[in-house]
file entry_36.cif (mmCIF, C-alpha atoms)
data_start
loop_
_atom_site.label_atom_id
_atom_site.label_comp_id
_atom_site.auth_asym_id
_atom_site.auth_seq_id
_atom_site.Cartn_x
_atom_site.Cartn_y
_atom_site.Cartn_z
CA ASN A 25 14.18 68.83 -12.43
CA SER A 26 17.06 66.85 -11.01
CA LYS A 27 18.63 64.36 -13.37
CA VAL A 28 20.01 62.43 -10.43
CA ILE A 29 17.27 60.08 -9.35
CA GLN A 30 17.02 59.06 -5.71
CA THR A 31 14.58 56.63 -4.20
CA PRO A 32 12.74 56.51 -1.94
CA ARG A 33 12.05 60.16 -1.10
CA TYR A 34 11.10 59.24 2.43
CA LEU A 35 11.67 56.24 4.62
CA VAL A 36 10.70 55.60 8.21
CA LYS A 37 12.52 52.91 10.12
CA GLY A 38 12.52 51.64 13.65
CA GLN A 39 15.74 51.56 15.58
CA GLY A 40 17.76 48.53 14.59
CA GLN A 41 16.12 48.18 11.20
CA LYS A 42 17.91 48.30 7.85
CA ALA A 43 17.51 51.36 5.69
CA LYS A 44 18.44 51.28 2.02
CA MET A 45 18.53 54.17 -0.40
CA ARG A 46 19.22 54.11 -4.13
CA CYS A 47 20.62 56.57 -6.59
CA ILE A 48 20.83 56.68 -10.37
CA PRO A 49 23.47 59.24 -11.36
CA GLU A 50 23.08 61.60 -14.26
CA LYS A 51 23.93 59.95 -17.58
CA GLY A 52 27.61 60.35 -18.40
CA HIS A 53 28.62 61.08 -14.82
CA PRO A 54 31.03 58.42 -13.56
CA VAL A 55 31.62 60.02 -10.15
CA VAL A 56 28.98 59.55 -7.45
CA PHE A 57 28.89 61.04 -3.95
CA TRP A 58 26.81 60.40 -0.87
CA TYR A 59 26.34 63.12 1.73
CA GLN A 60 24.33 63.24 4.92
CA GLN A 61 22.64 66.56 5.71
CA ASN A 62 21.47 66.84 9.31
CA LYS A 63 18.71 68.95 10.81
CA ASN A 64 21.17 71.83 11.24
CA ASN A 65 21.82 71.75 7.48
CA GLU A 66 25.38 70.53 8.00
CA PHE A 67 26.81 68.36 5.24
CA LYS A 68 28.76 65.24 6.09
CA PHE A 69 30.60 63.52 3.27
CA LEU A 70 30.13 59.76 3.44
CA ILE A 71 31.67 58.17 0.35
CA ASN A 72 32.35 58.68 -3.32
CA PHE A 73 32.86 56.37 -6.27
CA GLN A 74 34.36 56.63 -9.70
CA ASN A 75 32.59 54.06 -11.79
CA GLN A 76 32.44 51.12 -9.41
CA GLU A 77 35.54 51.94 -7.36
CA VAL A 78 35.54 53.73 -4.01
CA LEU A 79 37.58 56.95 -4.17
CA GLN A 80 37.20 58.18 -0.60
CA GLN A 81 35.09 57.30 2.38
CA ILE A 82 34.77 58.34 5.97
CA ASP A 83 35.81 55.99 8.67
CA MET A 84 32.76 53.78 8.86
CA THR A 85 34.21 51.83 11.73
CA GLU A 86 30.79 51.19 13.14
CA LYS A 87 30.26 49.16 9.98
CA ARG A 88 26.65 50.15 9.98
CA PHE A 89 26.99 52.02 6.71
CA SER A 90 27.78 50.36 3.42
CA ALA A 91 27.60 51.62 -0.13
CA GLU A 92 28.17 50.35 -3.62
CA CYS A 93 27.87 51.44 -7.23
CA PRO A 94 27.63 48.25 -9.32
CA SER A 95 27.79 48.50 -13.08
CA ASN A 96 24.39 48.62 -14.81
CA SER A 97 22.57 48.99 -11.49
CA PRO A 98 21.68 51.90 -9.23
CA CYS A 99 24.15 52.98 -6.59
CA SER A 100 23.00 52.30 -3.05
CA LEU A 101 23.63 53.34 0.52
CA GLU A 102 22.53 51.02 3.28
CA ILE A 103 22.42 51.45 7.03
CA GLN A 104 22.49 48.02 8.61
CA SER A 105 21.03 48.92 11.99
CA SER A 106 19.42 52.34 12.09
CA GLU A 107 19.88 54.61 15.07
CA ALA A 108 17.99 57.77 16.01
CA GLY A 109 21.07 59.86 15.14
CA ASP A 110 20.91 58.60 11.57
CA SER A 111 17.75 60.62 10.94
CA ALA A 112 18.78 63.01 8.19
CA LEU A 113 18.52 63.84 4.52
CA TYR A 114 20.77 61.58 2.48
CA LEU A 115 21.90 63.27 -0.70
CA CYS A 116 23.35 61.57 -3.73
CA ALA A 117 25.25 63.68 -6.24
CA SER A 118 27.02 62.92 -9.48
CA SER A 119 29.73 64.66 -11.45
CA ARG A 120 31.61 64.41 -14.73
CA ASP A 121 34.89 64.35 -12.88
CA THR A 122 36.46 64.86 -9.49
CA GLY A 123 36.96 68.49 -8.49
CA ASN A 124 34.00 69.53 -10.61
CA THR A 125 30.38 70.51 -10.19
CA LEU A 126 28.20 68.17 -8.18
CA TYR A 127 24.61 67.73 -9.27
CA PHE A 128 22.37 66.61 -6.44
CA GLY A 129 19.34 64.39 -6.41
CA GLU A 130 16.27 65.33 -4.39
CA GLY A 131 17.47 63.25 -1.46
CA SER A 132 16.09 60.47 0.68
CA ARG A 133 14.83 61.64 4.03
CA LEU A 134 15.32 59.00 6.71
CA ILE A 135 13.39 59.18 9.93
CA VAL A 136 14.36 56.69 12.61
CA VAL A 137 11.72 56.29 15.29
CA GLN B 7 42.94 71.60 7.41
CA GLN B 8 39.85 70.80 5.40
CA GLN B 9 37.40 73.28 6.90
CA VAL B 10 35.41 75.87 5.05
CA ARG B 11 34.03 78.60 7.28
CA GLN B 12 30.98 80.60 6.30
CA SER B 13 29.44 83.76 7.72
CA PRO B 14 27.05 85.13 8.69
CA GLN B 15 24.84 82.30 9.86
CA SER B 16 21.79 84.33 8.90
CA LEU B 17 21.29 87.53 6.96
CA THR B 18 18.28 89.74 6.31
CA VAL B 19 18.35 92.45 3.67
CA TRP B 20 15.70 94.61 2.05
CA GLU B 21 14.55 93.94 -1.46
CA GLY B 22 16.82 95.73 -3.92
CA GLU B 23 19.86 95.74 -1.63
CA THR B 24 23.04 93.75 -2.15
CA ALA B 25 23.45 90.69 0.05
CA ILE B 26 27.03 89.69 0.85
CA LEU B 27 27.89 86.19 2.05
CA ASN B 28 31.42 85.27 3.09
CA CYS B 29 33.58 82.17 3.19
CA SER B 30 37.15 81.31 4.08
CA TYR B 31 39.25 78.18 3.75
CA GLU B 32 42.59 76.85 4.90
CA ASP B 33 43.69 74.21 2.41
CA SER B 34 45.76 75.95 -0.24
CA THR B 35 45.30 73.01 -2.62
CA PHE B 36 41.61 73.80 -3.09
CA ASP B 37 41.02 74.89 -6.66
CA TYR B 38 37.26 74.88 -7.14
CA PHE B 39 34.84 77.08 -5.20
CA PRO B 40 31.12 76.77 -5.89
CA TRP B 41 28.12 78.34 -4.23
CA TYR B 42 24.92 76.35 -3.88
CA HIS B 43 21.50 77.48 -2.78
CA GLN B 44 18.90 75.32 -1.15
CA PHE B 45 15.21 76.11 -0.78
CA PRO B 46 13.20 74.45 2.01
CA GLY B 47 12.34 70.88 1.15
CA GLU B 48 14.61 70.85 -1.88
CA SER B 49 18.13 69.66 -2.63
CA PRO B 50 21.11 71.98 -3.13
CA ALA B 51 21.49 73.46 -6.60
CA LEU B 52 24.58 75.04 -8.09
CA LEU B 53 24.36 78.81 -8.34
CA ILE B 54 27.80 79.90 -9.51
CA ALA B 55 31.40 78.69 -9.19
CA ILE B 56 34.94 80.01 -9.60
CA ARG B 57 38.44 78.63 -10.05
CA PRO B 58 41.50 80.52 -8.71
CA VAL B 59 42.67 81.59 -12.17
CA SER B 60 40.11 84.40 -11.77
CA ASN B 61 39.38 86.74 -8.88
CA LYS B 62 35.86 87.54 -10.01
CA LYS B 63 33.03 85.65 -11.66
CA GLU B 64 29.70 87.18 -12.62
CA ASP B 65 26.44 85.60 -13.64
CA GLY B 66 23.60 88.06 -13.80
CA ARG B 67 22.94 89.39 -10.31
CA PHE B 68 25.36 86.94 -8.72
CA THR B 69 29.08 87.67 -8.36
CA ILE B 70 31.85 85.75 -6.66
CA PHE B 71 34.87 87.71 -5.44
CA PHE B 72 37.92 85.55 -4.76
CA ASN B 73 41.03 86.48 -2.78
CA LYS B 74 43.62 83.72 -3.07
CA ARG B 75 46.16 85.41 -0.81
CA GLU B 76 43.70 85.71 2.06
CA LYS B 77 41.95 82.42 1.23
CA LYS B 78 38.57 84.11 1.17
CA PHE B 79 35.72 84.26 -1.28
CA SER B 80 32.34 85.92 -1.16
CA LEU B 81 29.03 85.87 -2.96
CA HIS B 82 27.35 89.17 -3.77
CA ILE B 83 23.69 89.11 -4.72
CA ALA B 84 22.76 92.42 -6.30
CA ASP B 85 19.21 93.77 -6.40
CA SER B 86 18.02 91.10 -3.97
CA GLN B 87 14.57 89.68 -4.63
CA PRO B 88 12.21 87.89 -2.22
CA GLY B 89 12.65 84.79 -4.37
CA ASP B 90 16.34 84.76 -3.42
CA SER B 91 15.37 83.82 0.14
CA ALA B 92 17.06 80.46 0.74
CA THR B 93 20.02 78.90 2.49
CA TYR B 94 23.30 79.44 0.67
CA PHE B 95 26.31 77.17 1.00
CA CYS B 96 29.83 77.82 -0.11
CA ALA B 97 32.09 74.87 -0.79
CA ALA B 98 35.60 73.98 -1.88
CA SER B 99 37.40 71.03 -3.39
CA ASN B 100 40.43 70.04 -5.39
CA TYR B 101 40.80 67.66 -8.28
CA ASN B 102 42.71 65.05 -6.32
CA GLN B 103 40.37 65.00 -3.36
CA GLY B 104 37.18 65.18 -5.35
CA LYS B 105 34.82 65.65 -2.42
CA LEU B 106 33.27 69.03 -1.81
CA ILE B 107 33.75 70.48 1.66
CA PHE B 108 30.72 72.61 2.52
CA GLY B 109 30.44 75.65 4.72
CA GLN B 110 27.85 75.81 7.47
CA GLY B 111 25.35 77.77 5.40
CA THR B 112 23.84 81.25 5.48
CA LYS B 113 20.10 81.59 5.77
CA LEU B 114 19.23 84.59 3.63
CA SER B 115 15.92 86.39 3.99
CA ILE B 116 14.89 89.18 1.65
CA LYS B 117 12.29 91.59 3.04
CA PRO B 118 9.93 93.10 0.46
#
call {"tool": "encode", "arguments": {"input": "entry_36.cif", "output": "structure tokens"}}
result
Amino acid sequence: NSKVIQTPRYLVKGQGQKAKMRCIPEKGHPVVFWYQQNKNNEFKFLINFQNQEVLQQIDMTEKRFSAECPSNSPCSLEIQSSEAGDSALYLCASSRDTGNTLYFGEGSRLIVV
Amino acid sequence: QQQVRQSPQSLTVWEGETAILNCSYEDSTFDYFPWYHQFPGESPALLIAIRPVSNKKEDGRFTIFFNKREKKFSLHIADSQPGDSATYFCAASNYNQGKLIFGQGTKLSIKP
């Protein structure tokens, strides 16, 4: 019964294709996180926002990953050119504040073939 | 150092026993320590959390023991039930950083 809504639940992309995932945070939660969980269950922090501003992000020097949280629209995470290694569960979470409980959505499972 | 180390990687206990999962951290600025559990095919869900003002937090069968000096904390699951079988993750964060750093996970199996 997650109150963080992620879509789509599953997406299958060919290598080189764009993959876009969306997240609606829980009402009243201004802080949004994106994590990647790989097949070994390891969590990799990608980026977080407070309202529309980026708080922290990993070094996305490959520039294949981009994310935004526009006002009055769902947050999104996009992979510009999918690679096989991007296959993972992408988890969105929201929180009332930094340093507080994260509430996760059900995730978007990306399979890159 | 931002790492959170978790052990064991997997744990099997009999129904009714106490399961003990362990974590350690290095960053002394961490001030929030939650435990999440994750069932297959589902997303992580908060189980219980503690802040360093306390060295123990209980919620039903679940207890966190926290040792600030040694930078360790553990989750004790009393009277383990088969329905507790899941992967458990410890994590840590601080207010300024915001992001949760997760441990590697412990796959817990409860034998009936």
call {"tool": "resolve_selection", "arguments": {"input": "entry_36.cif", "expression": "the PyMOL selection byres ((chain B) within 8 of (chain A))", "output": "PDB file with C-alpha atoms, in the frame of the given file"}}
result
ATOM      1  CA  ASP B  37      41.020  74.890  -6.660  1.00  0.00           C
ATOM      2  CA  TYR B  38      37.260  74.880  -7.140  1.00  0.00           C
ATOM      3  CA  PRO B  40      31.120  76.770  -5.890  1.00  0.00           C
ATOM      4  CA  GLU B  48      14.610  70.850  -1.880  1.00  0.00           C
ATOM      5  CA  SER B  49      18.130  69.660  -2.630  1.00  0.00           C
ATOM      6  CA  PRO B  50      21.110  71.980  -3.130  1.00  0.00           C
ATOM      7  CA  ALA B  51      21.490  73.460  -6.600  1.00  0.00           C
ATOM      8  CA  LEU B  52      24.580  75.040  -8.090  1.00  0.00           C
ATOM      9  CA  SER B  99      37.400  71.030  -3.390  1.00  0.00           C
ATOM     10  CA  ASN B 100      40.430  70.040  -5.390  1.00  0.00           C
ATOM     11  CA  TYR B 101      40.800  67.660  -8.280  1.00  0.00           C
ATOM     12  CA  ASN B 102      42.710  65.050  -6.320  1.00  0.00           C
ATOM     13  CA  GLN B 103      40.370  65.000  -3.360  1.00  0.00           C
ATOM     14  CA  GLY B 104      37.180  65.180  -5.350  1.00  0.00           C
ATOM     15  CA  LYS B 105      34.820  65.650  -2.420  1.00  0.00           C
ATOM     16  CA  LEU B 106      33.270  69.030  -1.810  1.00  0.00           C
ATOM     17  CA  ILE B 107      33.750  70.480   1.660  1.00  0.00           C
ATOM     18  CA  PHE B 108      30.720  72.610   2.520  1.00  0.00           C
ATOM     19  CA  GLY B 109      30.440  75.650   4.720  1.00  0.00           C
ATOM     20  CA  GLN B 110      27.850  75.810   7.470  1.00  0.00           C
ATOM     21  CA  GLY B 111      25.350  77.770   5.400  1.00  0.00           C
TER      22      GLY B 111
END
call {"tool": "closest_residue", "arguments": {"input": "entry_36.cif", "among": "A:Asp83, A:Tyr34, A:Ser118, A:Ser97", "to": "Lys51 in chain A", "atoms": "all atoms listed in the file"}}
result
A:Ser118
call {"tool": "resolve_selection", "arguments": {"input": "entry_36.cif", "expression": "the PyMOL selection byres ((chain A and resi 48) around 6)", "output": "list in words"}}
result
Val28, Ile29, Cys47, Pro49 and Pro98 of chain A
call {"tool": "write_last_selection", "arguments": {"input": "entry_36.cif", "atoms": "C-alpha atoms", "output": "PDB file, in the coordinates of the input"}}
result
ATOM      1  CA  VAL A  28      20.010  62.430 -10.430  1.00  0.00           C
ATOM      2  CA  ILE A  29      17.270  60.080  -9.350  1.00  0.00           C
ATOM      3  CA  CYS A  47      20.620  56.570  -6.590  1.00  0.00           C
ATOM      4  CA  PRO A  49      23.470  59.240 -11.360  1.00  0.00           C
ATOM      5  CA  PRO A  98      21.680  51.900  -9.230  1.00  0.00           C
TER       6      PRO A  98
END
call {"tool": "axis_aligned_box", "arguments": {"input": "entry_36.cif", "around": "range 32-46 of chain A", "padding_each_side": "4 Å", "output": "AutoDock Vina command-line options"}}
result
--center_x 15.0 --center_y 54.2 --center_z 5.7 --size_x 16.5 --size_y 20.0 --size_z 27.7
call {"tool": "resolve_selection", "arguments": {"input": "entry_36.cif", "expression": "the PyMOL selection byres ((chain B and resi 70-78) around 6)", "output": "number ranges by chain"}}
result
B: 29-31, 61-63, 69, 79-81
call {"tool": "residues_around", "arguments": {"input": "entry_36.cif", "residues": "Ala84 in chain B", "least_positions_apart": "2", "cutoff": "12 Å", "atoms": "all atoms listed in the file", "output": "PyMOL selection string"}}
result
chain B and resi 19-27+64-70+81-82+86-87+90+116
call {"tool": "residues_near_point", "arguments": {"input": "entry_36.cif", "point": "(22.4, 82.4, 3.4)", "cutoff": "6 Å", "atoms": "only C-alpha atoms", "output": "list in words"}}
result
Ser16, Thr93, Tyr94, Gly111, Thr112, Lys113 and Leu114 of chain B
call {"tool": "residues_near_point", "arguments": {"input": "entry_36.cif", "point": "(27.9, 51.6, 5.7)", "cutoff": "7 Å", "atoms": "all atoms listed in the file", "output": "PDB file with C-alpha atoms, in the coordinates of the input"}}
result
ATOM      1  CA  MET A  84      32.760  53.780   8.860  1.00  0.00           C
ATOM      2  CA  LYS A  87      30.260  49.160   9.980  1.00  0.00           C
ATOM      3  CA  ARG A  88      26.650  50.150   9.980  1.00  0.00           C
ATOM      4  CA  PHE A  89      26.990  52.020   6.710  1.00  0.00           C
ATOM      5  CA  SER A  90      27.780  50.360   3.420  1.00  0.00           C
ATOM      6  CA  ALA A  91      27.600  51.620  -0.130  1.00  0.00           C
ATOM      7  CA  LEU A 101      23.630  53.340   0.520  1.00  0.00           C
ATOM      8  CA  GLU A 102      22.530  51.020   3.280  1.00  0.00           C
ATOM      9  CA  ILE A 103      22.420  51.450   7.030  1.00  0.00           C
TER      10      ILE A 103
END
call {"tool": "atom_distance", "arguments": {"input": "entry_36.cif", "atom1": "CA of Gln104 in chain A", "atom2": "CA of Leu35 in chain A"}}
result
14.2 Å
call {"tool": "residues_around", "arguments": {"input": "entry_36.cif", "residues": "Gly40 in chain A", "least_positions_apart": "6", "cutoff": "12 Å", "atoms": "only C-alpha atoms", "output": "list in words"}}
result
Arg88, Ile103, Gln104, Ser105, Ser106, Glu107, Ala108, Gly109, Asp110, Val136 and Val137 of chain A
call {"tool": "closest_residue", "arguments": {"input": "entry_36.cif", "among": "B:Ile56, B:Ala92, B:Ser115, B:Ala97", "to": "Gln44 in chain B", "atoms": "only C-alpha atoms"}}
result
B:Ala92
call {"tool": "residues_around", "arguments": {"input": "entry_36.cif", "residues": "Cys93 in chain A", "least_positions_apart": "5", "cutoff": "8 Å", "atoms": "all atoms listed in the file", "output": "PyMOL selection string"}}
result
chain A and resi 73+75-77+98-100
call {"tool": "atom_distance", "arguments": {"input": "entry_36.cif", "atom1": "CA of Asn62 in chain A", "atom2": "CA of Leu53 in chain B"}}
result
21.5 Å
call {"tool": "closest_residue", "arguments": {"input": "entry_36.cif", "among": "B:Gly47, B:Thr35, B:Ser60, B:Ala98", "to": "Gln9 in chain B", "atoms": "only C-alpha atoms"}}
result
B:Ala98
call {"tool": "atom_distance", "arguments": {"input": "entry_36.cif", "atom1": "CA of Asn28 in chain B", "atom2": "CA of Gln60 in chain A"}}
result
23.2 Å
call {"tool": "closest_residue", "arguments": {"input": "entry_36.cif", "among": "A:Met45, A:Val78, A:Pro94, A:Gly52", "to": "Lys27 in chain A", "atoms": "all atoms listed in the file"}}
result
A:Gly52
